[in-house]
>>> print(open('protein-v2.cif').read())   # mmCIF, C-alpha atoms; chains and numbers go by the auth columns
data_run
loop_
_atom_site.group_PDB
_atom_site.id
_atom_site.type_symbol
_atom_site.label_atom_id
_atom_site.label_comp_id
_atom_site.label_asym_id
_atom_site.label_seq_id
_atom_site.Cartn_x
_atom_site.Cartn_y
_atom_site.Cartn_z
_atom_site.B_iso_or_equiv
_atom_site.auth_seq_id
_atom_site.auth_asym_id
ATOM 1 C CA MET A 1 -2.901 3.039 -5.596 0.00 1 K
ATOM 2 C CA ALA A 2 -3.788 4.967 -2.423 0.00 2 K
ATOM 3 C CA GLU A 3 -7.197 6.509 -2.031 0.00 3 K
ATOM 4 C CA THR A 4 -7.487 10.295 -1.842 0.00 4 K
ATOM 5 C CA ILE A 5 -8.629 11.745 1.478 0.00 5 K
ATOM 6 C CA ASN A 6 -11.063 14.631 1.029 0.00 6 K
ATOM 7 C CA ILE A 7 -10.574 17.346 3.646 0.00 7 K
ATOM 8 C CA LEU A 8 -12.809 20.362 4.171 0.00 8 K
ATOM 9 C CA LEU A 9 -11.051 23.239 5.910 0.00 9 K
ATOM 10 C CA LEU A 10 -13.662 25.487 7.511 0.00 10 K
ATOM 11 C CA GLY A 11 -11.632 28.622 7.959 0.00 11 K
ATOM 12 C CA THR A 12 -8.702 29.427 5.703 0.00 12 K
ATOM 13 C CA GLY A 13 -7.027 32.130 7.756 0.00 13 K
ATOM 14 C CA VAL A 14 -3.589 31.672 9.284 0.00 14 K
ATOM 15 C CA THR A 15 -4.311 28.366 11.044 0.00 15 K
ATOM 16 C CA GLY A 16 -6.408 26.800 8.291 0.00 16 K
ATOM 17 C CA ALA A 17 -3.956 27.831 5.577 0.00 17 K
ATOM 18 C CA SER A 18 -1.037 26.475 7.630 0.00 18 K
ATOM 19 C CA ILE A 19 -2.779 23.118 7.949 0.00 19 K
ATOM 20 C CA GLY A 20 -3.518 23.100 4.226 0.00 20 K
ATOM 21 C CA LEU A 21 0.117 23.841 3.380 0.00 21 K
ATOM 22 C CA ALA A 22 1.304 21.089 5.726 0.00 22 K
ATOM 23 C CA LEU A 23 -1.038 18.631 4.006 0.00 23 K
ATOM 24 C CA ARG A 24 0.342 19.689 0.627 0.00 24 K
ATOM 25 C CA ARG A 25 3.887 18.991 1.842 0.00 25 K
ATOM 26 C CA ALA A 26 2.743 15.603 3.197 0.00 26 K
ATOM 27 C CA GLY A 27 2.008 14.288 -0.287 0.00 27 K
ATOM 28 C CA GLN A 28 -0.555 13.798 -2.999 0.00 28 K
ATOM 29 C CA GLY A 29 -3.082 11.807 -0.964 0.00 29 K
ATOM 30 C CA PHE A 30 -5.239 14.798 -0.026 0.00 30 K
ATOM 31 C CA GLN A 31 -7.911 16.840 -1.778 0.00 31 K
ATOM 32 C CA ARG A 32 -8.083 20.083 0.233 0.00 32 K
ATOM 33 C CA VAL A 33 -11.236 22.181 -0.059 0.00 33 K
ATOM 34 C CA GLY A 34 -11.394 25.476 1.790 0.00 34 K
ATOM 35 C CA PHE A 35 -14.279 27.612 2.985 0.00 35 K
ATOM 36 C CA ASP A 36 -14.091 30.945 4.740 0.00 36 K
ATOM 37 C CA PRO A 37 -16.883 33.410 5.559 0.00 37 K
ATOM 38 C CA ASP A 38 -14.622 36.009 3.931 0.00 38 K
ATOM 39 C CA PRO A 39 -14.296 34.965 0.271 0.00 39 K
ATOM 40 C CA ALA A 40 -11.094 37.017 -0.133 0.00 40 K
ATOM 41 C CA THR A 41 -9.412 34.986 2.613 0.00 41 K
ATOM 42 C CA ALA A 42 -10.400 31.744 0.888 0.00 42 K
ATOM 43 C CA ARG A 43 -9.059 33.002 -2.460 0.00 43 K
ATOM 44 C CA GLN A 44 -5.766 34.008 -0.812 0.00 44 K
ATOM 45 C CA ALA A 45 -5.426 30.519 0.655 0.00 45 K
ATOM 46 C CA GLN A 46 -6.012 29.001 -2.770 0.00 46 K
ATOM 47 C CA GLN A 47 -3.493 31.336 -4.414 0.00 47 K
ATOM 48 C CA ALA A 48 -0.932 30.384 -1.745 0.00 48 K
ATOM 49 C CA GLY A 49 -1.500 26.684 -2.493 0.00 49 K
ATOM 50 C CA ALA A 50 -3.070 25.935 0.891 0.00 50 K
ATOM 51 C CA VAL A 51 -6.259 24.548 -0.688 0.00 51 K
ATOM 52 C CA ASP A 52 -6.947 22.900 -4.024 0.00 52 K
ATOM 53 C CA LYS A 53 -10.318 24.560 -4.437 0.00 53 K
ATOM 54 C CA VAL A 54 -12.651 26.949 -2.643 0.00 54 K
ATOM 55 C CA ALA A 55 -16.207 26.118 -1.611 0.00 55 K
ATOM 56 C CA ASN A 56 -18.698 28.969 -1.615 0.00 56 K
ATOM 57 C CA HIS A 57 -21.184 26.924 0.398 0.00 57 K
ATOM 58 C CA PRO A 58 -19.649 24.382 2.802 0.00 58 K
ATOM 59 C CA GLU A 59 -22.833 22.327 3.054 0.00 59 K
ATOM 60 C CA SER A 60 -22.456 21.253 -0.578 0.00 60 K
ATOM 61 C CA THR A 61 -18.927 19.967 0.066 0.00 61 K
ATOM 62 C CA ALA A 62 -19.255 18.533 3.580 0.00 62 K
ATOM 63 C CA SER A 63 -21.046 15.386 2.446 0.00 63 K
ATOM 64 C CA GLU A 64 -18.036 14.479 0.278 0.00 64 K
ATOM 65 C CA ALA A 65 -15.462 15.191 2.994 0.00 65 K
ATOM 66 C CA ASP A 66 -13.726 12.410 4.876 0.00 66 K
ATOM 67 C CA LEU A 67 -12.571 14.927 7.456 0.00 67 K
ATOM 68 C CA VAL A 68 -13.758 18.419 8.405 0.00 68 K
ATOM 69 C CA LEU A 69 -11.324 20.706 10.230 0.00 69 K
ATOM 70 C CA LEU A 70 -12.952 23.631 12.011 0.00 70 K
ATOM 71 C CA ASN A 71 -10.643 26.643 12.124 0.00 71 K
ATOM 72 C CA LEU A 72 -13.100 29.491 12.617 0.00 72 K
ATOM 73 C CA PRO A 73 -13.505 31.946 15.488 0.00 73 K
ATOM 74 C CA ALA A 74 -16.247 30.938 17.926 0.00 74 K
ATOM 75 C CA ALA A 75 -18.717 33.513 16.589 0.00 75 K
ATOM 76 C CA GLN A 76 -18.439 32.055 13.076 0.00 76 K
ATOM 77 C CA ALA A 77 -18.048 28.403 14.041 0.00 77 K
ATOM 78 C CA LEU A 78 -21.629 27.681 15.095 0.00 78 K
ATOM 79 C CA PRO A 79 -23.246 28.937 11.851 0.00 79 K
ATOM 80 C CA ALA A 80 -20.731 26.943 9.794 0.00 80 K
ATOM 81 C CA VAL A 81 -21.324 23.763 11.781 0.00 81 K
ATOM 82 C CA GLU A 82 -25.088 24.224 11.554 0.00 82 K
ATOM 83 C CA ALA A 83 -24.776 24.645 7.783 0.00 83 K
ATOM 84 C CA ILE A 84 -22.952 21.342 7.325 0.00 84 K
ATOM 85 C CA ALA A 85 -24.859 19.370 9.974 0.00 85 K
ATOM 86 C CA ALA A 86 -27.362 17.995 7.499 0.00 86 K
#
>>> encode(input="protein-v2.cif", output="structure tokens")
Amino acid sequence: MAETINILLLGTGVTGASIGLALRRAGQGFQRVGFDPDPATARQAQQAGAVDKVANHPESTASEADLVLLNLPAAQALPAVEAIAA
């Protein structure tokens, strides 16, 4: 049985949600967790099926991620990266 790849999508707007949907179409080998500074955007991505679950605090999920995809505007990217750096 194949191992599940845990992916943290930092940013669940148009680009992040598109990546999440593509991963869903690719098969069952992915656990997609989404974070967005705007909680409504993250909830919309989850409702659309782009992510399996939403993280309110990315630092609590980053340590479990096999891959982190950064899809945030530059002004929001640095704080998100600093939050998960530990």
>>> atom_distance(input="protein-v2.cif", atom1="atom CA of Ala40 of chain K", atom2="atom CA of Leu10 of chain K")
14.1 Å
>>> atom_distance(input="protein-v2.cif", atom1="atom CA of Leu67 of chain K", atom2="atom CA of Leu9 of chain K")
8.6 Å
>>> atom_distance(input="protein-v2.cif", atom1="atom CA of Gln46 of chain K", atom2="atom CA of Asp66 of chain K")
19.8 Å
>>> resolve_selection(input="protein-v2.cif", expression="the PyMOL selection byres ((chain K and resi 58) around 9)", output="ChimeraX atom specification")
/K:8,10,34-36,55-57,59-62,80,83-84
>>> closest_residue(input="protein-v2.cif", among="K:Val81, K:Ala22, K:Val33, K:Ala17", to="Glu64 of chain K", atoms="all atoms listed in the file")
K:Val33
>>> closest_residue(input="protein-v2.cif", among="K:Gly13, K:Gly27, K:Pro79, K:Gly20", to="Pro39 of chain K", atoms="all atoms listed in the file")
K:Gly13
>>> resolve_selection(input="protein-v2.cif", expression="the PyMOL selection byres ((chain K and resi 3-6) around 6)", output="PDB file with C-alpha atoms, in the coordinates of the input")
ATOM      1  CA  ALA K   2      -3.788   4.967  -2.423  1.00  0.00           C
ATOM      2  CA  ILE K   7     -10.574  17.346   3.646  1.00  0.00           C
ATOM      3  CA  GLY K  29      -3.082  11.807  -0.964  1.00  0.00           C
ATOM      4  CA  PHE K  30      -5.239  14.798  -0.026  1.00  0.00           C
ATOM      5  CA  GLN K  31      -7.911  16.840  -1.778  1.00  0.00           C
ATOM      6  CA  ALA K  65     -15.462  15.191   2.994  1.00  0.00           C
ATOM      7  CA  ASP K  66     -13.726  12.410   4.876  1.00  0.00           C
TER       8      ASP K  66
END
>>> decode(input="protein-v2.cif", residues="segment 41-53 of chain K", atoms="all heavy atoms", output="PDB file, in the first residue's frame")
ATOM      1  N   THR K  41     -11.405  32.358   2.896  1.00  0.00           N
ATOM      2  CA  THR K  41     -10.800  31.795   1.686  1.00  0.00           C
ATOM      3  C   THR K  41     -10.449  30.334   1.907  1.00  0.00           C
ATOM      4  O   THR K  41     -10.676  29.488   1.036  1.00  0.00           O
ATOM      5  CB  THR K  41      -9.557  32.602   1.286  1.00  0.00           C
ATOM      6  OG1 THR K  41      -9.948  33.958   1.049  1.00  0.00           O
ATOM      7  CG2 THR K  41      -8.890  32.046   0.049  1.00  0.00           C
ATOM      8  N   ALA K  42      -9.909  30.015   3.071  1.00  0.00           N
ATOM      9  CA  ALA K  42      -9.566  28.623   3.383  1.00  0.00           C
ATOM     10  C   ALA K  42     -10.822  27.754   3.437  1.00  0.00           C
ATOM     11  O   ALA K  42     -10.828  26.634   2.921  1.00  0.00           O
ATOM     12  CB  ALA K  42      -8.809  28.557   4.703  1.00  0.00           C
ATOM     13  N   ARG K  43     -11.894  28.259   4.028  1.00  0.00           N
ATOM     14  CA  ARG K  43     -13.145  27.495   4.095  1.00  0.00           C
ATOM     15  C   ARG K  43     -13.722  27.263   2.694  1.00  0.00           C
ATOM     16  O   ARG K  43     -14.225  26.184   2.393  1.00  0.00           O
ATOM     17  CB  ARG K  43     -14.166  28.203   4.983  1.00  0.00           C
ATOM     18  CG  ARG K  43     -13.903  28.042   6.469  1.00  0.00           C
ATOM     19  CD  ARG K  43     -15.080  28.506   7.315  1.00  0.00           C
ATOM     20  NE  ARG K  43     -15.485  29.890   7.026  1.00  0.00           N
ATOM     21  CZ  ARG K  43     -14.941  30.977   7.556  1.00  0.00           C
ATOM     22  NH1 ARG K  43     -13.968  30.847   8.438  1.00  0.00           N
ATOM     23  NH2 ARG K  43     -15.374  32.184   7.245  1.00  0.00           N
ATOM     24  N   GLN K  44     -13.626  28.273   1.831  1.00  0.00           N
ATOM     25  CA  GLN K  44     -14.113  28.121   0.457  1.00  0.00           C
ATOM     26  C   GLN K  44     -13.331  27.036  -0.280  1.00  0.00           C
ATOM     27  O   GLN K  44     -13.909  26.239  -1.027  1.00  0.00           O
ATOM     28  CB  GLN K  44     -14.010  29.443  -0.304  1.00  0.00           C
ATOM     29  CG  GLN K  44     -15.021  30.468   0.132  1.00  0.00           C
ATOM     30  CD  GLN K  44     -14.794  31.817  -0.540  1.00  0.00           C
ATOM     31  OE1 GLN K  44     -13.737  32.081  -1.099  1.00  0.00           O
ATOM     32  NE2 GLN K  44     -15.798  32.681  -0.459  1.00  0.00           N
ATOM     33  N   ALA K  45     -12.021  27.003  -0.064  1.00  0.00           N
ATOM     34  CA  ALA K  45     -11.195  25.977  -0.696  1.00  0.00           C
ATOM     35  C   ALA K  45     -11.596  24.589  -0.207  1.00  0.00           C
ATOM     36  O   ALA K  45     -11.661  23.640  -0.989  1.00  0.00           O
ATOM     37  CB  ALA K  45      -9.720  26.235  -0.422  1.00  0.00           C
ATOM     38  N   GLN K  46     -11.881  24.475   1.080  1.00  0.00           N
ATOM     39  CA  GLN K  46     -12.305  23.188   1.620  1.00  0.00           C
ATOM     40  C   GLN K  46     -13.666  22.786   1.059  1.00  0.00           C
ATOM     41  O   GLN K  46     -13.868  21.636   0.666  1.00  0.00           O
ATOM     42  CB  GLN K  46     -12.350  23.230   3.144  1.00  0.00           C
ATOM     43  CG  GLN K  46     -12.646  21.876   3.766  1.00  0.00           C
ATOM     44  CD  GLN K  46     -12.609  21.907   5.277  1.00  0.00           C
ATOM     45  OE1 GLN K  46     -12.889  22.936   5.886  1.00  0.00           O
ATOM     46  NE2 GLN K  46     -12.271  20.785   5.865  1.00  0.00           N
ATOM     47  N   GLN K  47     -14.588  23.720   0.988  1.00  0.00           N
ATOM     48  CA  GLN K  47     -15.918  23.429   0.442  1.00  0.00           C
ATOM     49  C   GLN K  47     -15.845  23.020  -1.024  1.00  0.00           C
ATOM     50  O   GLN K  47     -16.630  22.202  -1.491  1.00  0.00           O
ATOM     51  CB  GLN K  47     -16.839  24.631   0.617  1.00  0.00           C
ATOM     52  CG  GLN K  47     -17.215  24.881   2.061  1.00  0.00           C
ATOM     53  CD  GLN K  47     -17.926  26.201   2.282  1.00  0.00           C
ATOM     54  OE1 GLN K  47     -17.955  27.065   1.414  1.00  0.00           O
ATOM     55  NE2 GLN K  47     -18.489  26.365   3.475  1.00  0.00           N
ATOM     56  N   ALA K  48     -14.880  23.575  -1.759  1.00  0.00           N
ATOM     57  CA  ALA K  48     -14.707  23.240  -3.176  1.00  0.00           C
ATOM     58  C   ALA K  48     -13.978  21.918  -3.367  1.00  0.00           C
ATOM     59  O   ALA K  48     -13.876  21.430  -4.490  1.00  0.00           O
ATOM     60  CB  ALA K  48     -13.939  24.363  -3.876  1.00  0.00           C
ATOM     61  N   GLY K  49     -13.453  21.336  -2.277  1.00  0.00           N
ATOM     62  CA  GLY K  49     -12.734  20.073  -2.370  1.00  0.00           C
ATOM     63  C   GLY K  49     -11.262  20.225  -2.688  1.00  0.00           C
ATOM     64  O   GLY K  49     -10.587  19.255  -3.000  1.00  0.00           O
ATOM     65  N   ALA K  50     -10.745  21.456  -2.593  1.00  0.00           N
ATOM     66  CA  ALA K  50      -9.334  21.698  -2.898  1.00  0.00           C
ATOM     67  C   ALA K  50      -8.413  21.257  -1.768  1.00  0.00           C
ATOM     68  O   ALA K  50      -7.240  20.951  -2.009  1.00  0.00           O
ATOM     69  CB  ALA K  50      -9.109  23.177  -3.214  1.00  0.00           C
ATOM     70  N   VAL K  51      -8.917  21.241  -0.542  1.00  0.00           N
ATOM     71  CA  VAL K  51      -8.139  20.770   0.608  1.00  0.00           C
ATOM     72  C   VAL K  51      -9.003  19.832   1.430  1.00  0.00           C
ATOM     73  O   VAL K  51     -10.230  19.934   1.434  1.00  0.00           O
ATOM     74  CB  VAL K  51      -7.603  21.935   1.487  1.00  0.00           C
ATOM     75  CG1 VAL K  51      -6.633  22.808   0.720  1.00  0.00           C
ATOM     76  CG2 VAL K  51      -8.722  22.770   2.063  1.00  0.00           C
ATOM     77  N   ASP K  52      -8.353  18.906   2.114  1.00  0.00           N
ATOM     78  CA  ASP K  52      -9.067  17.954   2.959  1.00  0.00           C
ATOM     79  C   ASP K  52      -9.437  18.567   4.298  1.00  0.00           C
ATOM     80  O   ASP K  52     -10.475  18.250   4.871  1.00  0.00           O
ATOM     81  CB  ASP K  52      -8.208  16.705   3.189  1.00  0.00           C
ATOM     82  CG  ASP K  52      -7.898  16.005   1.878  1.00  0.00           C
ATOM     83  OD1 ASP K  52      -8.849  15.703   1.128  1.00  0.00           O
ATOM     84  OD2 ASP K  52      -6.705  15.787   1.591  1.00  0.00           O
ATOM     85  N   LYS K  53      -8.557  19.426   4.790  1.00  0.00           N
ATOM     86  CA  LYS K  53      -8.841  20.118   6.050  1.00  0.00           C
ATOM     87  C   LYS K  53      -8.137  21.457   6.049  1.00  0.00           C
ATOM     88  O   LYS K  53      -7.225  21.707   5.257  1.00  0.00           O
ATOM     89  CB  LYS K  53      -8.472  19.277   7.264  1.00  0.00           C
ATOM     90  CG  LYS K  53      -7.009  19.015   7.458  1.00  0.00           C
ATOM     91  CD  LYS K  53      -6.788  18.169   8.714  1.00  0.00           C
ATOM     92  CE  LYS K  53      -5.309  18.042   9.013  1.00  0.00           C
ATOM     93  NZ  LYS K  53      -5.067  17.342  10.270  1.00  0.00           N
TER      94      LYS K  53
END
